[in-house]
Amino acid sequence: MNHLRLLGFSAVLVLAGVVVTADQATAQGALPDATITTNVQGQFASHGVTEKTQINITTVQGVVTLSGTARSLAAKNEAGDVAKRVPGVMSVNNNLVIDLVPDQTIMSEIKDGFEAHGVTKATHITVTSVQGAVTLTGTANSPAAKDEAGDVAKAARGVKSVTNNVVARP
């Protein structure tokens with residue numbers, strides 16, 4: 001009988017230890033995975049990340065995995081950055097794939113973006129694209145104009161990478 005009481009008491013202590021561990025995790029700020037996923041989705045909606053993208057979010061022990069498609073390199077990077085800033089996220093696996101867009105369409109969209117942002121007024125840039133890998137060459141009147149050209153290119157639909165070989169004049 002004493003043996004059964006001791007066994008029962010031990011079981012209560014083990015269960016109490018599990019409860020204490022769970023309470024400690026809550027006290028340390030650990031959030032349930034479902035809550036983290038919901039919070040990431042909410043942040044995406046408020047940042048416009050999901051505009052024209054198909055992003056699936058899974059969370060396991062605070063590690064968020066993004067899968068699906070993004071319209072551009074900039075959208076993919078923004079999704080990862082937004083997810084990293086959500087409370088409870090330990091790390092992000094950004095497995096988003098960039099939409100497949102014909103190179104001619106990519107180059108046209110980048111050139112239109114240059115005009116819309118006034119980049120062409122301060123630069124002479126040639127744009128090439130091979131399967132979404134964009135290369136910028138030429139000159140810019142300032143380092144800021146060079147950087148803006150790279151940012152415009154990254155935001156174009158279908159861009160998977162940007163090599164900015166533009167030379168900025170001081």
# chains A, B, ... in the order shown; residues from 1 in each chain; ligands from 1
call {"tool": "closest_atom_pairs", "arguments": {"of": "region 136-157 of chain A", "to": "region 106-117 of chain A", "cutoff": "7 Å", "atoms": "only C-alpha atoms", "output": "Markdown table"}}
result
| residue | atom | partner | partner_atom | distance |
| --- | --- | --- | --- | --- |
| A:Ala149 | CA | A:Phe114 | CA | 6.8 |
| A:Val152 | CA | A:Gly113 | CA | 6.1 |
| A:Ala153 | CA | A:Ile110 | CA | 5.4 |
| A:Ala156 | CA | A:Ile110 | CA | 5.9 |
| A:Arg157 | CA | A:Ile106 | CA | 6.4 |
call {"tool": "residues_around", "arguments": {"residues": "region 123-127 of chain A", "least_positions_apart": "2", "cutoff": "12 Å", "atoms": "only C-alpha atoms", "output": "PyMOL selection string"}}
result
chain A and resi 103-115+117-121+129-130+132-150+152-153+159+162-169
call {"tool": "closest_residue", "arguments": {"among": "A:Met90, A:Ala45, A:Leu96, A:Ala30", "to": "Asn77 (chain A)", "atoms": "only C-alpha atoms"}}
result
A:Leu96
call {"tool": "closest_residue", "arguments": {"among": "A:Thr69, A:Asn95, A:Leu100, A:Val63", "to": "Val40 (chain A)", "atoms": "only C-alpha atoms"}}
result
A:Val63
call {"tool": "select_by_dssp", "arguments": {"residues": "region 65-146 of chain A", "states": "strand (DSSP E)", "output": "MDAnalysis selection string"}}
result
chainID A and resid 65:70 91:94 97:98 123:130 133:140
call {"tool": "write_last_selection", "arguments": {"atoms": "N, CA, C and O atoms", "output": "short mmCIF file (atom, residue, chain, number, x, y, z; two decimals), in the first residue's frame"}}
result
data_model
loop_
_atom_site.label_atom_id
_atom_site.label_comp_id
_atom_site.auth_asym_id
_atom_site.auth_seq_id
_atom_site.Cartn_x
_atom_site.Cartn_y
_atom_site.Cartn_z
N THR A 65 8.14 28.64 -41.46
CA THR A 65 8.53 28.28 -42.82
C THR A 65 7.53 28.91 -43.77
O THR A 65 6.32 28.75 -43.62
N LEU A 66 8.07 29.66 -44.74
CA LEU A 66 7.26 30.30 -45.77
C LEU A 66 7.42 29.50 -47.05
O LEU A 66 8.55 29.22 -47.47
N SER A 67 6.32 29.12 -47.66
CA SER A 67 6.37 28.41 -48.94
C SER A 67 5.31 29.00 -49.85
O SER A 67 4.41 29.70 -49.40
N GLY A 68 5.44 28.72 -51.13
CA GLY A 68 4.52 29.28 -52.11
C GLY A 68 5.26 30.17 -53.07
O GLY A 68 6.44 29.94 -53.35
N THR A 69 4.57 31.20 -53.58
CA THR A 69 5.18 32.07 -54.57
C THR A 69 5.15 33.53 -54.15
O THR A 69 4.29 33.95 -53.39
N ALA A 70 6.12 34.26 -54.67
CA ALA A 70 6.18 35.71 -54.48
C ALA A 70 6.33 36.34 -55.85
O ALA A 70 6.90 35.73 -56.76
N SER A 91 13.17 31.71 -35.86
CA SER A 91 13.87 31.85 -37.12
C SER A 91 12.87 31.66 -38.26
O SER A 91 11.74 31.22 -38.03
N VAL A 92 13.32 31.99 -39.48
CA VAL A 92 12.44 31.89 -40.65
C VAL A 92 13.16 31.12 -41.76
O VAL A 92 14.30 31.44 -42.10
N ASN A 93 12.48 30.12 -42.30
CA ASN A 93 12.94 29.41 -43.50
C ASN A 93 12.13 29.98 -44.66
O ASN A 93 10.93 29.71 -44.77
N ASN A 94 12.76 30.80 -45.48
CA ASN A 94 12.04 31.46 -46.58
C ASN A 94 12.21 30.62 -47.85
O ASN A 94 13.20 30.75 -48.55
N VAL A 97 9.21 30.90 -53.85
CA VAL A 97 9.72 30.82 -55.21
C VAL A 97 9.18 32.04 -55.97
O VAL A 97 8.01 32.38 -55.84
N ILE A 98 10.02 32.66 -56.77
CA ILE A 98 9.62 33.83 -57.54
C ILE A 98 8.81 33.38 -58.75
O ILE A 98 9.17 32.41 -59.43
N THR A 123 20.82 58.64 -64.52
CA THR A 123 21.64 57.48 -64.84
C THR A 123 21.60 57.14 -66.32
O THR A 123 20.73 57.59 -67.06
N HIS A 124 22.54 56.34 -66.72
CA HIS A 124 22.52 55.68 -68.03
C HIS A 124 22.74 54.21 -67.73
O HIS A 124 23.88 53.78 -67.50
N ILE A 125 21.65 53.44 -67.72
CA ILE A 125 21.73 52.05 -67.27
C ILE A 125 21.17 51.12 -68.33
O ILE A 125 20.12 51.37 -68.91
N THR A 126 21.89 50.02 -68.54
CA THR A 126 21.43 48.95 -69.41
C THR A 126 20.94 47.82 -68.52
O THR A 126 21.59 47.46 -67.53
N VAL A 127 19.78 47.26 -68.89
CA VAL A 127 19.17 46.18 -68.12
C VAL A 127 19.16 44.92 -68.97
O VAL A 127 18.69 44.94 -70.11
N THR A 128 19.67 43.82 -68.42
CA THR A 128 19.56 42.52 -69.08
C THR A 128 18.95 41.54 -68.08
O THR A 128 19.10 41.69 -66.87
N SER A 129 18.26 40.54 -68.63
CA SER A 129 17.64 39.52 -67.78
C SER A 129 17.74 38.17 -68.46
O SER A 129 17.44 38.04 -69.65
N VAL A 130 18.20 37.18 -67.71
CA VAL A 130 18.27 35.81 -68.19
C VAL A 130 17.57 34.95 -67.15
O VAL A 130 18.07 34.76 -66.04
N ALA A 133 17.29 36.49 -63.75
CA ALA A 133 18.54 36.99 -63.15
C ALA A 133 18.89 38.28 -63.88
O ALA A 133 19.29 38.26 -65.05
N VAL A 134 18.73 39.41 -63.21
CA VAL A 134 18.90 40.72 -63.81
C VAL A 134 20.29 41.26 -63.55
O VAL A 134 20.81 41.13 -62.43
N THR A 135 20.88 41.88 -64.58
CA THR A 135 22.16 42.57 -64.44
C THR A 135 21.98 44.01 -64.89
O THR A 135 21.42 44.26 -65.97
N LEU A 136 22.42 44.93 -64.04
CA LEU A 136 22.39 46.35 -64.36
C LEU A 136 23.82 46.80 -64.62
O LEU A 136 24.71 46.51 -63.83
N THR A 137 24.03 47.51 -65.73
CA THR A 137 25.35 48.05 -66.05
C THR A 137 25.17 49.49 -66.50
O THR A 137 24.09 49.89 -66.94
N GLY A 138 26.21 50.28 -66.37
CA GLY A 138 26.17 51.66 -66.81
C GLY A 138 26.69 52.58 -65.73
O GLY A 138 27.50 52.17 -64.88
N THR A 139 26.21 53.82 -65.74
CA THR A 139 26.67 54.82 -64.78
C THR A 139 25.48 55.51 -64.12
O THR A 139 24.41 55.63 -64.71
N ALA A 140 25.71 55.98 -62.91
CA ALA A 140 24.72 56.75 -62.18
C ALA A 140 25.40 58.00 -61.64
O ALA A 140 26.61 58.00 -61.39
#
call {"tool": "atom_distance", "arguments": {"atom1": "CA of Pro102 (chain A)", "atom2": "CA of Ile55 (chain A)"}}
result
21.9 Å
call {"tool": "select_by_dssp", "arguments": {"residues": "region 110-144 of chain A", "states": "helix (DSSP H, G or I)", "output": "ChimeraX atom specification"}}
result
/A:110-117,119-121,143-144
call {"tool": "atom_distance", "arguments": {"atom1": "CA of Leu73 (chain A)", "atom2": "CA of Thr53 (chain A)"}}
result
11.7 Å
call {"tool": "closest_residue", "arguments": {"among": "A:Asn56, A:Ser161, A:Gly62, A:Asp33", "to": "Ala79 (chain A)", "atoms": "only C-alpha atoms"}}
result
A:Asn56
call {"tool": "residues_around", "arguments": {"residues": "Val82 (chain A)", "least_positions_apart": "6", "cutoff": "12 Å", "atoms": "only C-alpha atoms", "output": "list of chain:residue names"}}
result
A:Asn39, A:Val40, A:Gln41, A:Gly42, A:Gln43, A:Phe44, A:Ala45, A:Ser46, A:His47, A:Gly48, A:Val49, A:Thr50, A:Val64, A:Leu66, A:Ala74, A:Ala75, A:Lys76, A:Val89, A:Ser91, A:Val92, A:Asn94
call {"tool": "write_last_selection", "arguments": {"atoms": "all heavy atoms", "output": "tab-separated table (two decimals), in the first residue's frame"}}
result
chain	number	residue	atom	x	y	z
A	39	ASN	N	-0.27	35.55	-36.18
A	39	ASN	CA	0.36	36.87	-36.08
A	39	ASN	C	1.17	37.20	-37.34
A	39	ASN	O	1.18	38.35	-37.79
A	39	ASN	CB	1.22	36.97	-34.83
A	39	ASN	CG	0.39	36.97	-33.56
A	39	ASN	OD1	-0.81	37.17	-33.60
A	39	ASN	ND2	1.03	36.71	-32.44
A	40	VAL	N	1.85	36.21	-37.90
A	40	VAL	CA	2.60	36.43	-39.14
A	40	VAL	C	1.62	36.78	-40.26
A	40	VAL	O	1.84	37.73	-41.02
A	40	VAL	CB	3.47	35.20	-39.51
A	40	VAL	CG1	4.04	35.35	-40.92
A	40	VAL	CG2	4.58	35.01	-38.50
A	41	GLN	N	0.52	36.03	-40.35
A	41	GLN	CA	-0.49	36.33	-41.38
A	41	GLN	C	-1.03	37.75	-41.23
A	41	GLN	O	-1.18	38.46	-42.22
A	41	GLN	CB	-1.66	35.33	-41.28
A	41	GLN	CG	-1.30	33.94	-41.73
A	41	GLN	CD	-2.36	32.91	-41.38
A	41	GLN	OE1	-3.15	33.09	-40.46
A	41	GLN	NE2	-2.36	31.81	-42.12
A	42	GLY	N	-1.26	38.17	-40.00
A	42	GLY	CA	-1.75	39.52	-39.75
A	42	GLY	C	-0.75	40.57	-40.17
A	42	GLY	O	-1.12	41.60	-40.76
A	43	GLN	N	0.52	40.33	-39.90
A	43	GLN	CA	1.56	41.28	-40.31
A	43	GLN	C	1.68	41.34	-41.83
A	43	GLN	O	1.88	42.41	-42.39
A	43	GLN	CB	2.91	40.92	-39.67
A	43	GLN	CG	2.98	41.22	-38.20
A	43	GLN	CD	2.78	42.70	-37.92
A	43	GLN	OE1	3.45	43.55	-38.50
A	43	GLN	NE2	1.86	43.01	-37.03
A	44	PHE	N	1.55	40.20	-42.49
A	44	PHE	CA	1.60	40.19	-43.95
A	44	PHE	C	0.48	41.04	-44.52
A	44	PHE	O	0.70	41.82	-45.44
A	44	PHE	CB	1.50	38.77	-44.50
A	44	PHE	CG	2.77	37.97	-44.42
A	44	PHE	CD1	3.94	38.50	-43.89
A	44	PHE	CD2	2.81	36.68	-44.89
A	44	PHE	CE1	5.11	37.76	-43.83
A	44	PHE	CE2	3.98	35.93	-44.85
A	44	PHE	CZ	5.12	36.47	-44.31
A	45	ALA	N	-0.71	40.90	-43.97
A	45	ALA	CA	-1.85	41.67	-44.46
A	45	ALA	C	-1.64	43.16	-44.28
A	45	ALA	O	-1.94	43.96	-45.16
A	45	ALA	CB	-3.13	41.22	-43.76
A	46	SER	N	-1.06	43.57	-43.15
A	46	SER	CA	-0.88	45.00	-42.89
A	46	SER	C	0.31	45.58	-43.66
A	46	SER	O	0.39	46.78	-43.84
A	46	SER	CB	-0.72	45.25	-41.39
A	46	SER	OG	0.51	44.75	-40.92
A	47	HIS	N	1.22	44.74	-44.15
A	47	HIS	CA	2.37	45.23	-44.92
A	47	HIS	C	2.18	45.05	-46.42
A	47	HIS	O	3.05	45.39	-47.20
A	47	HIS	CB	3.66	44.48	-44.50
A	47	HIS	CG	4.23	44.97	-43.23
A	47	HIS	ND1	3.80	44.51	-42.01
A	47	HIS	CD2	5.17	45.89	-42.97
A	47	HIS	CE1	4.47	45.12	-41.06
A	47	HIS	NE2	5.31	45.97	-41.61
A	48	GLY	N	1.07	44.48	-46.84
A	48	GLY	CA	0.84	44.27	-48.26
A	48	GLY	C	1.72	43.19	-48.87
A	48	GLY	O	1.82	43.09	-50.08
A	49	VAL	N	2.35	42.38	-48.05
A	49	VAL	CA	3.24	41.33	-48.54
A	49	VAL	C	2.49	40.32	-49.40
A	49	VAL	O	3.02	39.83	-50.39
A	49	VAL	CB	3.95	40.61	-47.37
A	49	VAL	CG1	4.73	39.41	-47.85
A	49	VAL	CG2	4.85	41.57	-46.64
A	50	THR	N	1.27	40.03	-49.03
A	50	THR	CA	0.55	38.98	-49.73
A	50	THR	C	-0.10	39.46	-51.03
A	50	THR	O	-0.69	38.68	-51.74
A	50	THR	CB	-0.55	38.38	-48.82
A	50	THR	OG1	-1.41	39.43	-48.39
A	50	THR	CG2	0.06	37.67	-47.64
A	64	VAL	N	9.35	29.51	-38.29
A	64	VAL	CA	8.36	29.78	-39.33
A	64	VAL	C	8.93	29.39	-40.68
A	64	VAL	O	10.06	29.75	-41.02
A	64	VAL	CB	7.97	31.28	-39.34
A	64	VAL	CG1	7.08	31.61	-40.53
A	64	VAL	CG2	7.29	31.64	-38.03
A	66	LEU	N	8.07	29.66	-44.74
A	66	LEU	CA	7.26	30.30	-45.77
A	66	LEU	C	7.42	29.50	-47.05
A	66	LEU	O	8.55	29.22	-47.47
A	66	LEU	CB	7.72	31.74	-46.01
A	66	LEU	CG	7.80	32.64	-44.78
A	66	LEU	CD1	8.35	34.01	-45.17
A	66	LEU	CD2	6.44	32.77	-44.12
A	74	ALA	N	12.06	41.35	-54.19
A	74	ALA	CA	11.76	42.28	-53.10
A	74	ALA	C	10.61	41.77	-52.24
A	74	ALA	O	10.66	41.85	-51.00
A	74	ALA	CB	11.41	43.66	-53.66
A	75	ALA	N	9.58	41.20	-52.86
A	75	ALA	CA	8.44	40.65	-52.10
A	75	ALA	C	8.87	39.45	-51.26
A	75	ALA	O	8.45	39.30	-50.11
A	75	ALA	CB	7.30	40.27	-53.04
A	76	LYS	N	9.72	38.60	-51.82
A	76	LYS	CA	10.23	37.45	-51.07
A	76	LYS	C	11.02	37.91	-49.85
A	76	LYS	O	10.81	37.43	-48.74
A	76	LYS	CB	11.11	36.57	-51.97
A	76	LYS	CG	11.75	35.41	-51.23
A	76	LYS	CD	12.64	34.58	-52.14
A	76	LYS	CE	13.30	33.46	-51.33
A	76	LYS	NZ	14.05	32.52	-52.16
A	89	VAL	N	8.80	34.43	-32.99
A	89	VAL	CA	9.48	33.77	-34.10
A	89	VAL	C	10.95	33.59	-33.76
A	89	VAL	O	11.65	34.55	-33.46
A	89	VAL	CB	9.32	34.57	-35.41
A	89	VAL	CG1	10.18	33.96	-36.52
A	89	VAL	CG2	7.86	34.62	-35.84
A	91	SER	N	13.17	31.71	-35.86
A	91	SER	CA	13.87	31.85	-37.12
A	91	SER	C	12.87	31.66	-38.26
A	91	SER	O	11.74	31.22	-38.03
A	91	SER	CB	15.02	30.83	-37.24
A	91	SER	OG	14.52	29.52	-37.26
A	92	VAL	N	13.32	31.99	-39.48
A	92	VAL	CA	12.44	31.89	-40.65
A	92	VAL	C	13.16	31.12	-41.76
A	92	VAL	O	14.30	31.44	-42.10
A	92	VAL	CB	12.04	33.29	-41.18
A	92	VAL	CG1	11.22	33.17	-42.46
A	92	VAL	CG2	11.26	34.06	-40.12
A	94	ASN	N	12.76	30.80	-45.48
A	94	ASN	CA	12.04	31.46	-46.58
A	94	ASN	C	12.21	30.62	-47.85
A	94	ASN	O	13.20	30.75	-48.55
A	94	ASN	CB	12.57	32.88	-46.78
A	94	ASN	CG	11.69	33.68	-47.71
A	94	ASN	OD1	10.91	33.14	-48.47
A	94	ASN	ND2	11.84	34.99	-47.66
call {"tool": "atom_distance", "arguments": {"atom1": "CA of Arg85 (chain A)", "atom2": "CA of Lys160 (chain A)"}}
result
23.3 Å
call {"tool": "decode", "arguments": {"residues": "region 108-146 of chain A", "atoms": "N, CA and C atoms", "output": "short mmCIF file (atom, residue, chain, number, x, y, z; two decimals), in the first residue's frame"}}
result
data_model
loop_
_atom_site.label_atom_id
_atom_site.label_comp_id
_atom_site.auth_asym_id
_atom_site.auth_seq_id
_atom_site.Cartn_x
_atom_site.Cartn_y
_atom_site.Cartn_z
N SER A 108 11.16 45.27 -69.41
CA SER A 108 10.22 46.35 -69.67
C SER A 108 9.69 46.94 -68.36
N GLU A 109 9.36 46.07 -67.42
CA GLU A 109 8.84 46.55 -66.13
C GLU A 109 9.91 47.33 -65.36
N ILE A 110 11.15 46.89 -65.43
CA ILE A 110 12.24 47.62 -64.75
C ILE A 110 12.41 49.01 -65.37
N LYS A 111 12.44 49.07 -66.71
CA LYS A 111 12.60 50.36 -67.39
C LYS A 111 11.43 51.30 -67.06
N ASP A 112 10.21 50.75 -67.01
CA ASP A 112 9.06 51.57 -66.61
C ASP A 112 9.23 52.06 -65.17
N GLY A 113 9.75 51.20 -64.31
CA GLY A 113 9.99 51.57 -62.92
C GLY A 113 11.05 52.66 -62.81
N PHE A 114 12.08 52.57 -63.65
CA PHE A 114 13.10 53.62 -63.67
C PHE A 114 12.48 54.98 -63.99
N GLU A 115 11.63 55.00 -65.02
CA GLU A 115 10.98 56.25 -65.41
C GLU A 115 10.07 56.78 -64.31
N ALA A 116 9.31 55.89 -63.69
CA ALA A 116 8.39 56.30 -62.63
C ALA A 116 9.13 56.87 -61.42
N HIS A 117 10.32 56.36 -61.16
CA HIS A 117 11.11 56.82 -60.01
C HIS A 117 12.15 57.88 -60.37
N GLY A 118 12.18 58.28 -61.62
CA GLY A 118 13.15 59.29 -62.03
C GLY A 118 14.57 58.79 -62.11
N VAL A 119 14.76 57.48 -62.11
CA VAL A 119 16.10 56.91 -62.14
C VAL A 119 16.79 57.23 -63.45
N THR A 120 16.06 57.23 -64.55
CA THR A 120 16.69 57.45 -65.86
C THR A 120 17.21 58.87 -66.02
N LYS A 121 16.73 59.81 -65.23
CA LYS A 121 17.21 61.19 -65.31
C LYS A 121 18.60 61.32 -64.72
N ALA A 122 18.95 60.46 -63.81
CA ALA A 122 20.24 60.56 -63.13
C ALA A 122 21.21 59.46 -63.53
N THR A 123 20.82 58.64 -64.52
CA THR A 123 21.64 57.48 -64.84
C THR A 123 21.60 57.14 -66.32
N HIS A 124 22.54 56.34 -66.72
CA HIS A 124 22.52 55.68 -68.03
C HIS A 124 22.74 54.21 -67.73
N ILE A 125 21.65 53.44 -67.72
CA ILE A 125 21.73 52.05 -67.27
C ILE A 125 21.17 51.12 -68.33
N THR A 126 21.89 50.02 -68.54
CA THR A 126 21.43 48.95 -69.41
C THR A 126 20.94 47.82 -68.52
N VAL A 127 19.78 47.26 -68.89
CA VAL A 127 19.17 46.18 -68.12
C VAL A 127 19.16 44.92 -68.97
N THR A 128 19.67 43.82 -68.42
CA THR A 128 19.56 42.52 -69.08
C THR A 128 18.95 41.54 -68.08
N SER A 129 18.26 40.54 -68.63
CA SER A 129 17.64 39.52 -67.78
C SER A 129 17.74 38.17 -68.46
N VAL A 130 18.20 37.18 -67.71
CA VAL A 130 18.27 35.81 -68.19
C VAL A 130 17.57 34.95 -67.15
N GLN A 131 16.38 34.47 -67.51
CA GLN A 131 15.56 33.64 -66.62
C GLN A 131 15.38 34.30 -65.26
N GLY A 132 15.15 35.62 -65.26
CA GLY A 132 14.88 36.35 -64.02
C GLY A 132 16.10 36.84 -63.29
N ALA A 133 17.29 36.49 -63.75
CA ALA A 133 18.54 36.99 -63.15
C ALA A 133 18.89 38.28 -63.88
N VAL A 134 18.73 39.41 -63.21
CA VAL A 134 18.90 40.72 -63.81
C VAL A 134 20.29 41.26 -63.55
N THR A 135 20.88 41.88 -64.58
CA THR A 135 22.16 42.57 -64.44
C THR A 135 21.98 44.01 -64.89
N LEU A 136 22.42 44.93 -64.04
CA LEU A 136 22.39 46.35 -64.36
C LEU A 136 23.82 46.80 -64.62
N THR A 137 24.03 47.51 -65.73
CA THR A 137 25.35 48.05 -66.05
C THR A 137 25.17 49.49 -66.50
N GLY A 138 26.21 50.28 -66.37
CA GLY A 138 26.17 51.66 -66.81
C GLY A 138 26.69 52.58 -65.73
N THR A 139 26.21 53.82 -65.74
CA THR A 139 26.67 54.82 -64.78
C THR A 139 25.48 55.51 -64.12
N ALA A 140 25.71 55.98 -62.91
CA ALA A 140 24.72 56.75 -62.18
C ALA A 140 25.40 58.00 -61.64
N ASN A 141 24.63 59.05 -61.47
CA ASN A 141 25.19 60.32 -60.99
C ASN A 141 25.52 60.32 -59.51
N SER A 142 25.07 59.29 -58.77
CA SER A 142 25.34 59.25 -57.33
C SER A 142 25.18 57.82 -56.83
N PRO A 143 25.76 57.52 -55.67
CA PRO A 143 25.53 56.20 -55.07
C PRO A 143 24.04 55.97 -54.77
N ALA A 144 23.31 57.03 -54.41
CA ALA A 144 21.88 56.88 -54.12
C ALA A 144 21.11 56.46 -55.37
N ALA A 145 21.48 57.04 -56.54
CA ALA A 145 20.81 56.68 -57.79
C ALA A 145 21.11 55.23 -58.17
N LYS A 146 22.34 54.78 -57.92
CA LYS A 146 22.70 53.39 -58.16
C LYS A 146 21.86 52.46 -57.28
#
